[in-house]
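Asker: For reference, this is data.pdb, and it has PDB, C-alpha atoms.
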```
ATOM      1  CA  MET A  17       7.801   1.866 -20.302
ATOM      2  CA  GLU A  18       5.672  -1.075 -21.459
ATOM      3  CA  THR A  19       8.911  -2.990 -22.177
ATOM      4  CA  HIS A  20      10.250  -2.014 -18.761
ATOM      5  CA  TRP A  21       7.074  -3.252 -17.053
ATOM      6  CA  LYS A  22       7.348  -6.494 -19.017
ATOM      7  CA  LYS A  23      10.841  -7.091 -17.631
ATOM      8  CA  ILE A  24       9.625  -6.435 -14.094
ATOM      9  CA  GLU A  25       6.657  -8.769 -14.605
ATOM     10  CA  GLU A  26       8.963 -11.551 -15.806
ATOM     11  CA  LYS A  27      11.120 -11.218 -12.683
ATOM     12  CA  LEU A  28       8.100 -11.028 -10.376
ATOM     13  CA  LYS A  29       6.619 -14.217 -11.840
ATOM     14  CA  LYS A  30       9.620 -16.064 -10.444
ATOM     15  CA  GLU A  31       9.450 -14.379  -7.033
ATOM     16  CA  LEU A  32       5.720 -14.474  -6.260
ATOM     17  CA  ASP A  33       3.213 -17.301  -5.963
ATOM     18  CA  ALA A  34       0.352 -17.394  -8.487
ATOM     19  CA  ASP A  35      -2.222 -15.681  -6.240
ATOM     20  CA  ARG A  36       0.171 -12.896  -5.233
ATOM     21  CA  TYR A  37       1.184 -12.338  -8.852
ATOM     22  CA  ARG A  38      -2.470 -12.077  -9.909
ATOM     23  CA  HIS A  39      -3.088  -9.624  -7.068
ATOM     24  CA  THR A  40      -0.029  -7.618  -8.146
ATOM     25  CA  LEU A  41      -1.319  -7.202 -11.703
ATOM     26  CA  GLY A  42      -4.705  -6.200 -10.278
ATOM     27  CA  VAL A  43      -3.052  -3.494  -8.169
ATOM     28  CA  MET A  44      -1.024  -2.242 -11.131
ATOM     29  CA  TYR A  45      -4.088  -1.844 -13.366
ATOM     30  CA  THR A  46      -6.188  -0.340 -10.565
ATOM     31  CA  ALA A  47      -3.396   2.106  -9.702
ATOM     32  CA  CYS A  48      -3.161   3.157 -13.362
ATOM     33  CA  SER A  49      -6.921   3.710 -13.482
ATOM     34  CA  LEU A  50      -6.827   5.840 -10.335
ATOM     35  CA  ALA A  51      -3.853   7.801 -11.665
ATOM     36  CA  MET A  52      -5.819   8.583 -14.839
ATOM     37  CA  ALA A  53      -8.845   9.611 -12.786
ATOM     38  CA  TRP A  54      -6.846  11.875 -10.467
ATOM     39  CA  GLY A  55      -4.374  13.323 -12.955
ATOM     40  CA  THR A  56      -1.266  11.793 -11.400
ATOM     41  CA  ASP A  57       1.602  10.097 -13.216
ATOM     42  CA  MET A  58       0.389   6.774 -14.604
ATOM     43  CA  ILE A  59       3.902   5.378 -15.099
ATOM     44  CA  GLN A  60       4.756   6.008 -11.451
ATOM     45  CA  ALA A  61       1.467   4.484 -10.315
ATOM     46  CA  GLY A  62       1.822   1.402 -12.512
ATOM     47  CA  THR A  63       5.426   0.827 -11.468
ATOM     48  CA  ALA A  64       4.661   1.197  -7.755
ATOM     49  CA  GLY A  65       1.643  -1.068  -8.166
ATOM     50  CA  LEU A  66       3.749  -3.727  -9.860
ATOM     51  CA  LEU A  67       6.442  -3.670  -7.189
ATOM     52  CA  HIS A  68       4.438  -2.986  -4.029
ATOM     53  CA  ASP A  69       4.516  -6.670  -2.947
ATOM     54  CA  CYS A  70       7.851  -7.697  -4.494
ATOM     55  CA  ALA A  71       9.109  -8.803  -1.053
ATOM     56  CA  LYS A  72       5.847 -10.388   0.095
ATOM     57  CA  CYS A  73       6.742 -14.032  -0.573
ATOM     58  CA  ILE A  74      10.153 -13.898   1.099
ATOM     59  CA  PRO A  75      10.029 -16.051   4.283
ATOM     60  CA  ASN A  76       9.517 -13.917   7.401
ATOM     61  CA  HIS A  77      12.807 -14.839   9.076
ATOM     62  CA  LYS A  78      14.614 -13.898   5.876
ATOM     63  CA  LYS A  79      12.760 -10.569   5.706
ATOM     64  CA  ILE A  80      14.246  -9.663   9.099
ATOM     65  CA  SER A  81      17.802 -10.668   8.165
ATOM     66  CA  MET A  82      17.604  -8.918   4.768
ATOM     67  CA  CYS A  83      16.389  -5.689   6.376
ATOM     68  CA  GLN A  84      19.184  -5.821   8.926
ATOM     69  CA  LYS A  85      21.799  -6.494   6.221
ATOM     70  CA  ALA A  86      20.435  -3.526   4.259
ATOM     71  CA  GLY A  87      21.027  -1.334   7.323
ATOM     72  CA  MET A  88      17.366  -0.883   8.252
ATOM     73  CA  ILE A  89      16.370  -0.632  11.890
ATOM     74  CA  VAL A  90      13.892  -3.416  12.660
ATOM     75  CA  SER A  91      11.713  -2.590  15.673
ATOM     76  CA  ASP A  92      10.650  -5.133  18.274
ATOM     77  CA  PHE A  93       7.098  -4.803  16.927
ATOM     78  CA  GLU A  94       8.317  -5.643  13.412
ATOM     79  CA  LYS A  95      10.267  -8.629  14.724
ATOM     80  CA  GLU A  96       7.027  -9.877  16.274
ATOM     81  CA  HIS A  97       5.061  -9.078  13.090
ATOM     82  CA  PRO A  98       7.655  -9.564  10.313
ATOM     83  CA  PHE A  99       5.019  -9.612   7.553
ATOM     84  CA  LEU A 100       4.911  -5.811   7.949
ATOM     85  CA  LEU A 101       8.515  -5.612   6.769
ATOM     86  CA  HIS A 102       7.600  -6.537   3.195
ATOM     87  CA  ALA A 103       6.714  -2.907   2.442
ATOM     88  CA  ARG A 104      10.028  -1.363   3.537
ATOM     89  CA  LEU A 105      12.013  -4.307   2.223
ATOM     90  CA  GLY A 106      10.047  -4.108  -1.037
ATOM     91  CA  ALA A 107      11.031  -0.457  -1.502
ATOM     92  CA  TRP A 108      14.680  -1.405  -0.960
ATOM     93  CA  LEU A 109      14.439  -4.321  -3.414
ATOM     94  CA  ALA A 110      12.703  -2.102  -5.968
ATOM     95  CA  GLY A 111      15.877  -0.026  -6.027
ATOM     96  CA  GLU A 112      18.473  -2.761  -5.648
ATOM     97  CA  LYS A 113      16.964  -5.516  -7.792
ATOM     98  CA  TYR A 114      14.577  -3.763 -10.170
ATOM     99  CA  GLY A 115      16.493  -0.539 -10.777
ATOM    100  CA  ILE A 116      13.783   1.862  -9.598
ATOM    101  CA  HIS A 117      15.241   5.002  -8.026
ATOM    102  CA  ASP A 118      12.257   7.362  -8.212
ATOM    103  CA  ARG A 119      11.828   8.464  -4.578
ATOM    104  CA  GLU A 120       8.061   8.947  -4.962
ATOM    105  CA  ILE A 121       7.600   5.377  -6.211
ATOM    106  CA  LEU A 122       9.749   3.970  -3.402
ATOM    107  CA  GLU A 123       7.818   5.945  -0.780
ATOM    108  CA  ALA A 124       4.500   4.697  -2.184
ATOM    109  CA  ILE A 125       5.760   1.113  -1.822
ATOM    110  CA  THR A 126       7.035   1.826   1.693
ATOM    111  CA  TRP A 127       3.678   3.079   2.994
ATOM    112  CA  HIS A 128       1.235   0.838   1.128
ATOM    113  CA  THR A 129       0.569  -1.420   4.140
ATOM    114  CA  THR A 130       0.300   0.869   7.162
ATOM    115  CA  GLY A 131      -0.522   4.187   5.548
ATOM    116  CA  LYS A 132       0.637   7.352   7.325
ATOM    117  CA  PRO A 133      -0.532  10.931   7.890
ATOM    118  CA  GLU A 134      -0.182  13.411   5.023
ATOM    119  CA  MET A 135       0.273  10.926   2.185
ATOM    120  CA  THR A 136       0.948  12.099  -1.354
ATOM    121  CA  ALA A 137      -1.607  11.380  -4.076
ATOM    122  CA  LEU A 138       0.595   8.545  -5.388
ATOM    123  CA  GLU A 139       0.954   7.020  -1.905
ATOM    124  CA  LYS A 140      -2.817   7.121  -1.430
ATOM    125  CA  ILE A 141      -3.401   5.587  -4.851
ATOM    126  CA  ILE A 142      -1.149   2.584  -4.136
ATOM    127  CA  TYR A 143      -2.590   2.099  -0.649
ATOM    128  CA  ILE A 144      -6.144   2.213  -2.038
ATOM    129  CA  ALA A 145      -5.411   0.115  -5.143
ATOM    130  CA  ASP A 146      -3.960  -2.613  -2.918
ATOM    131  CA  TYR A 147      -7.246  -2.688  -1.003
ATOM    132  CA  ILE A 148      -9.772  -2.469  -3.841
ATOM    133  CA  GLU A 149      -8.214  -4.290  -6.810
ATOM    134  CA  PRO A 150     -10.699  -6.670  -8.519
ATOM    135  CA  ASN A 151      -9.364  -9.869  -6.928
ATOM    136  CA  ARG A 152     -10.147  -8.558  -3.429
ATOM    137  CA  ASP A 153     -13.478  -9.791  -2.106
ATOM    138  CA  LYS A 154     -13.281 -10.213   1.674
ATOM    139  CA  ALA A 155     -13.010  -6.675   3.054
ATOM    140  CA  PRO A 156     -16.195  -4.992   4.335
ATOM    141  CA  ASN A 157     -17.834  -2.096   2.452
ATOM    142  CA  LEU A 158     -15.860  -2.802  -0.734
ATOM    143  CA  THR A 159     -18.557  -1.580  -3.131
ATOM    144  CA  MET A 160     -18.787   1.759  -1.338
ATOM    145  CA  ILE A 161     -15.002   2.076  -0.974
ATOM    146  CA  ARG A 162     -14.447   1.347  -4.676
ATOM    147  CA  LYS A 163     -16.834   4.182  -5.577
ATOM    148  CA  LEU A 164     -15.139   6.528  -3.103
ATOM    149  CA  ALA A 165     -11.738   5.806  -4.684
ATOM    150  CA  PHE A 166     -12.838   7.673  -7.807
ATOM    151  CA  HIS A 167     -14.738  10.371  -5.925
ATOM    152  CA  ASP A 168     -12.707  11.418  -2.859
ATOM    153  CA  LEU A 169      -9.249  10.009  -2.068
ATOM    154  CA  ASN A 170      -9.142  11.318   1.501
ATOM    155  CA  GLN A 171     -12.589   9.981   2.343
ATOM    156  CA  CYS A 172     -11.600   6.665   0.779
ATOM    157  CA  MET A 173      -8.429   6.543   2.904
ATOM    158  CA  TYR A 174     -10.470   7.267   6.012
ATOM    159  CA  GLN A 175     -12.999   4.533   5.280
ATOM    160  CA  ILE A 176     -10.311   1.906   4.595
ATOM    161  CA  LEU A 177      -8.360   2.876   7.713
ATOM    162  CA  LYS A 178     -11.534   2.901   9.784
ATOM    163  CA  ASP A 179     -12.385  -0.648   8.677
ATOM    164  CA  SER A 180      -8.766  -1.768   9.149
ATOM    165  CA  VAL A 181      -8.546  -0.333  12.676
ATOM    166  CA  SER A 182     -11.915  -1.865  13.528
ATOM    167  CA  TYR A 183     -10.644  -5.251  12.345
ATOM    168  CA  LEU A 184      -7.306  -4.913  14.154
ATOM    169  CA  GLU A 185      -8.992  -3.903  17.418
ATOM    170  CA  GLY A 186      -9.925  -7.581  17.735
ATOM    171  CA  ASN A 187      -6.201  -8.230  18.106
ATOM    172  CA  PRO A 188      -4.697  -4.913  19.259
ATOM    173  CA  GLN A 189      -1.215  -6.411  19.670
ATOM    174  CA  SER A 190      -0.989  -6.625  15.870
ATOM    175  CA  MET A 191      -1.904  -2.969  15.217
ATOM    176  CA  ASP A 192       0.963  -0.870  13.935
ATOM    177  CA  GLN A 193       1.115   2.567  15.563
ATOM    178  CA  THR A 194       1.524   4.228  12.163
ATOM    179  CA  THR A 195      -1.827   2.809  11.030
ATOM    180  CA  LEU A 196      -3.502   4.351  14.071
ATOM    181  CA  GLU A 197      -1.806   7.688  13.388
ATOM    182  CA  ALA A 198      -2.982   7.540   9.764
ATOM    183  CA  TYR A 199      -6.534   6.736  10.866
ATOM    184  CA  ASN A 200      -6.620   9.641  13.333
ATOM    185  CA  TYR A 201      -5.204  12.005  10.702
ATOM    186  CA  TYR A 202      -7.725  11.112   7.988
ATOM    187  CA  LYS A 203     -10.620  11.036  10.459
ATOM    188  CA  LYS A 204      -9.767  14.569  11.556
ATOM    189  CA  LEU A 205      -9.345  15.684   7.939
ATOM    190  CA  CYS A 206     -12.704  14.247   6.862
ATOM    191  CA  ASP A 207     -14.508  15.531   9.973
ATOM    192  CA  LYS A 208     -13.166  19.020   9.232
ATOM    193  CA  SER A 209     -14.226  18.789   5.601
ATOM    194  CA  GLU A 210     -17.712  17.687   6.647
ATOM    195  CA  GLU A 211     -18.029  20.571   9.109
ATOM    196  CA  GLU A 212     -16.921  23.064   6.454
ATOM    197  CA  GLY A 213     -19.481  21.600   4.064
ATOM    198  CA  LYS A 214     -22.262  22.072   6.594
ATOM    199  CA  SER A 215     -21.311  25.678   7.289
ATOM    200  CA  GLN A 216     -21.444  26.723   3.629
TER     201      GLN A 216
END
```
Could you express the structure from this file as structure tokens?
Answerer:
Amino acid sequence: METHWKKIEEKLKKELDADRYRHTLGVMYTACSLAMAWGTDMIQAGTAGLLHDCAKCIPNHKKISMCQKAGMIVSDFEKEHPFLLHARLGAWLAGEKYGIHDREILEAITWHTTGKPEMTALEKIIYIADYIEPNRDKAPNLTMIRKLAFHDLNQCMYQILKDSVSYLEGNPQSMDQTTLEAYNYYKKLCDKSEEEGKSQ
């Protein structure tokens, strides 16, 4: 698998700018660390981490046309915010260009930007790794969130989504409905867990 990752890295170097490539390696290593901590498949995590942003540097107008050519439905919201398409387009490219056909890896790439309710452990790991990898330094509460990532995945998801929704509320037109659904789901889950903890 190390050889396989090397081939992917060589392709990505040509597709991504230097900052995005550095971020990508950070997500890969962070995802592997989380996979080790949570007993999930490290190869899946590393591969999804490597490819999560493979479509990020494609110009926005091209993202729309590529999605349409691939037969994907592009919503009006996505046409207005085409940067969101890099996740779905990235999952498609991971299969078409990089030869990855593991459904769990492709789903983790698909949901790494918006999140969604009822995510798998791998999906959570990629979403979280994208947020906390070592090159990230601007998000609020990063120190606390990085600790939570190795302590409680659901609580970590909730905290990231809470901060993301809080940030997006300043510009509600740019908030994807799926992100709000994910936030409400993990808030409810964590509130329930807290209540159960108090009653014991």
Asker: Can you list, as an mmCIF file with C-alpha atoms, in the frame of the given file, every protein, DNA or RNA residue that comes within 10 Å of Glu25 of chain A when you count all atoms listed in the file, leaving out same-chain residues fewer than 5 positions away?
Answerer:
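Wrote it out as result_21.cif, contents follow:
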```
data_model
loop_
_atom_site.group_PDB
_atom_site.id
_atom_site.type_symbol
_atom_site.label_atom_id
_atom_site.label_comp_id
_atom_site.auth_asym_id
_atom_site.auth_seq_id
_atom_site.Cartn_x
_atom_site.Cartn_y
_atom_site.Cartn_z
ATOM 1 C CA THR A 19 8.911 -2.990 -22.177
ATOM 2 C CA HIS A 20 10.250 -2.014 -18.761
ATOM 3 C CA LYS A 30 9.620 -16.064 -10.444
ATOM 4 C CA GLU A 31 9.450 -14.379 -7.033
ATOM 5 C CA TYR A 37 1.184 -12.338 -8.852
ATOM 6 C CA THR A 40 -0.029 -7.618 -8.146
ATOM 7 C CA LEU A 41 -1.319 -7.202 -11.703
ATOM 8 C CA LEU A 66 3.749 -3.727 -9.860
ATOM 9 C CA LEU A 67 6.442 -3.670 -7.189
#
```
Asker: May I ask for the distance between atom CA of Tyr201 of chain A and atom CA of Asn170 of chain A, given in Å to one decimal place?
Answerer: 10.0 Å
Asker: Smallest atom-to-atom distance to Asp207 of chain A: which of A:Lys79, A:Asp168, A:Leu101, A:Tyr174, using all atoms listed in the file?
Answerer: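 Comparing A:Lys79, A:Asp168, A:Leu101, A:Tyr174 against Asp207 of chain A, the winner is A:Tyr174.
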Asker: What's around His167 of chain A at 10 Å? Count only C-alpha atoms, leave out sequence neighbours fewer than 6 positions away in its own chain, and write the answer as a PyMOL selection string.
Answerer: chain A and resi 53-54+161
Asker: Give as a ChimeraX atom specification each residue that has an atom at most 9 Å from (8.1, 6.1, -8.6) in the file, counting all atoms listed in the file.
Answerer: /A:57,59-64,116-125,138
Asker: For segment 91-98 of chain A, find every residue with an atom within 8 Å (counting all atoms listed in the file), except residues of its own chain fewer than 4 positions away, and show them as a PyMOL selection string.
Answerer: chain A and resi 76-77+79-80+102+190+192
Asker: Restricted to C-alpha atoms, what would the selected residues look like written as a PDB file, in the frame of the given file?
Answerer:
```
ATOM      1  CA  ASN A  76       9.517 -13.917   7.401  1.00  0.00           C
ATOM      2  CA  HIS A  77      12.807 -14.839   9.076  1.00  0.00           C
ATOM      3  CA  LYS A  79      12.760 -10.569   5.706  1.00  0.00           C
ATOM      4  CA  ILE A  80      14.246  -9.663   9.099  1.00  0.00           C
ATOM      5  CA  HIS A 102       7.600  -6.537   3.195  1.00  0.00           C
ATOM      6  CA  SER A 190      -0.989  -6.625  15.870  1.00  0.00           C
ATOM      7  CA  ASP A 192       0.963  -0.870  13.935  1.00  0.00           C
TER       8      ASP A 192
END
```
Asker: Have a look at atom CA of Ile142 of chain A and atom CA of Thr195 of chain A and let me know their distance in Å, one decimal.
Answerer: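 Value for the atom CA of Ile142 of chain A-atom CA of Thr195 of chain A distance: 15.2 Å.
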Asker: What does the distance from atom CA of Ala71 of chain A to atom CA of Gly55 of chain A come to in Å, to one decimal?
Answerer: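 A separation of 28.5 Å between them.
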Asker: Can you list what the PyMOL selection byres ((chain A and resi 179) around 12) grabs from this structure, as a PyMOL selection string?
Answerer: chain A and resi 147+154-158+161+172-178+180-186+195-196+199+203
Asker: Just checking: using only C-alpha atoms, which residue out of A:Asn151, A:Thr194, A:Thr159, A:Thr136 ends up closest to Leu100 of chain A?
Answerer: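 Of all the options, A:Thr194 lies closest to Leu100 of chain A.
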Asker: I'd like to see the residues matched by the PyMOL selection byres ((chain A and resi 105) around 10) on this file, and ideally I'd get them as a JSON list (two decimals) with C-alpha atoms, keeping the file's coordinate frame.
Answerer:
```json
[["chain", "number", "residue", "atom", "x", "y", "z"],
["A", 68, "HIS", "CA", 4.44, -2.99, -4.03],
["A", 69, "ASP", "CA", 4.52, -6.67, -2.95],
["A", 70, "CYS", "CA", 7.85, -7.70, -4.49],
["A", 71, "ALA", "CA", 9.11, -8.80, -1.05],
["A", 72, "LYS", "CA", 5.85, -10.39, 0.10],
["A", 74, "ILE", "CA", 10.15, -13.90, 1.10],
["A", 79, "LYS", "CA", 12.76, -10.57, 5.71],
["A", 80, "ILE", "CA", 14.25, -9.66, 9.10],
["A", 82, "MET", "CA", 17.60, -8.92, 4.77],
["A", 83, "CYS", "CA", 16.39, -5.69, 6.38],
["A", 84, "GLN", "CA", 19.18, -5.82, 8.93],
["A", 86, "ALA", "CA", 20.43, -3.53, 4.26],
["A", 88, "MET", "CA", 17.37, -0.88, 8.25],
["A", 100, "LEU", "CA", 4.91, -5.81, 7.95],
["A", 101, "LEU", "CA", 8.52, -5.61, 6.77],
["A", 102, "HIS", "CA", 7.60, -6.54, 3.20],
["A", 103, "ALA", "CA", 6.71, -2.91, 2.44],
["A", 104, "ARG", "CA", 10.03, -1.36, 3.54],
["A", 106, "GLY", "CA", 10.05, -4.11, -1.04],
["A", 107, "ALA", "CA", 11.03, -0.46, -1.50],
["A", 108, "TRP", "CA", 14.68, -1.40, -0.96],
["A", 109, "LEU", "CA", 14.44, -4.32, -3.41],
["A", 110, "ALA", "CA", 12.70, -2.10, -5.97],
["A", 125, "ILE", "CA", 5.76, 1.11, -1.82],
["A", 126, "THR", "CA", 7.04, 1.83, 1.69]]
```
Asker: Which one is closest to Tyr45 of chain A: A:Ile141, A:Asn200, A:Met160, A:Gly111? Count all atoms listed in the file.
Answerer: A:Ile141
Asker: I would like the residues chosen by the PyMOL selection byres ((chain A and resi 133) around 6) on the shown file; could you give them as a CSV table (one decimal) with C-alpha atoms, keeping the file's coordinate frame?
Answerer:
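Output (expr.csv):
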```
chain,number,residue,atom,x,y,z
A,132,LYS,CA,0.6,7.4,7.3
A,134,GLU,CA,-0.2,13.4,5.0
A,135,MET,CA,0.3,10.9,2.2
A,198,ALA,CA,-3.0,7.5,9.8
A,201,TYR,CA,-5.2,12.0,10.7
```
Asker: Pick out the residues sitting within 8 Å of Thr46 of chain A, and hand them over as a ChimeraX atom specification; count all atoms listed in the file, and ignore anything fewer than 6 positions along from it in its own chain.
Answerer: /A:145,148-149
Asker: Quick one: of A:Pro75, A:Leu50, A:Glu26, A:Trp21, who's nearest to Lys163 of chain A, counting only C-alpha atoms?
Answerer: A:Leu50
Asker: Considering all atoms listed in the file, state which residue in the set A:Leu169, A:Lys204, A:Gln189, A:Arg162 is at the smallest distance from Lys140 of chain A.
Answerer: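 Between A:Leu169, A:Lys204, A:Gln189, A:Arg162, the residue approaching Lys140 of chain A most closely is A:Leu169.
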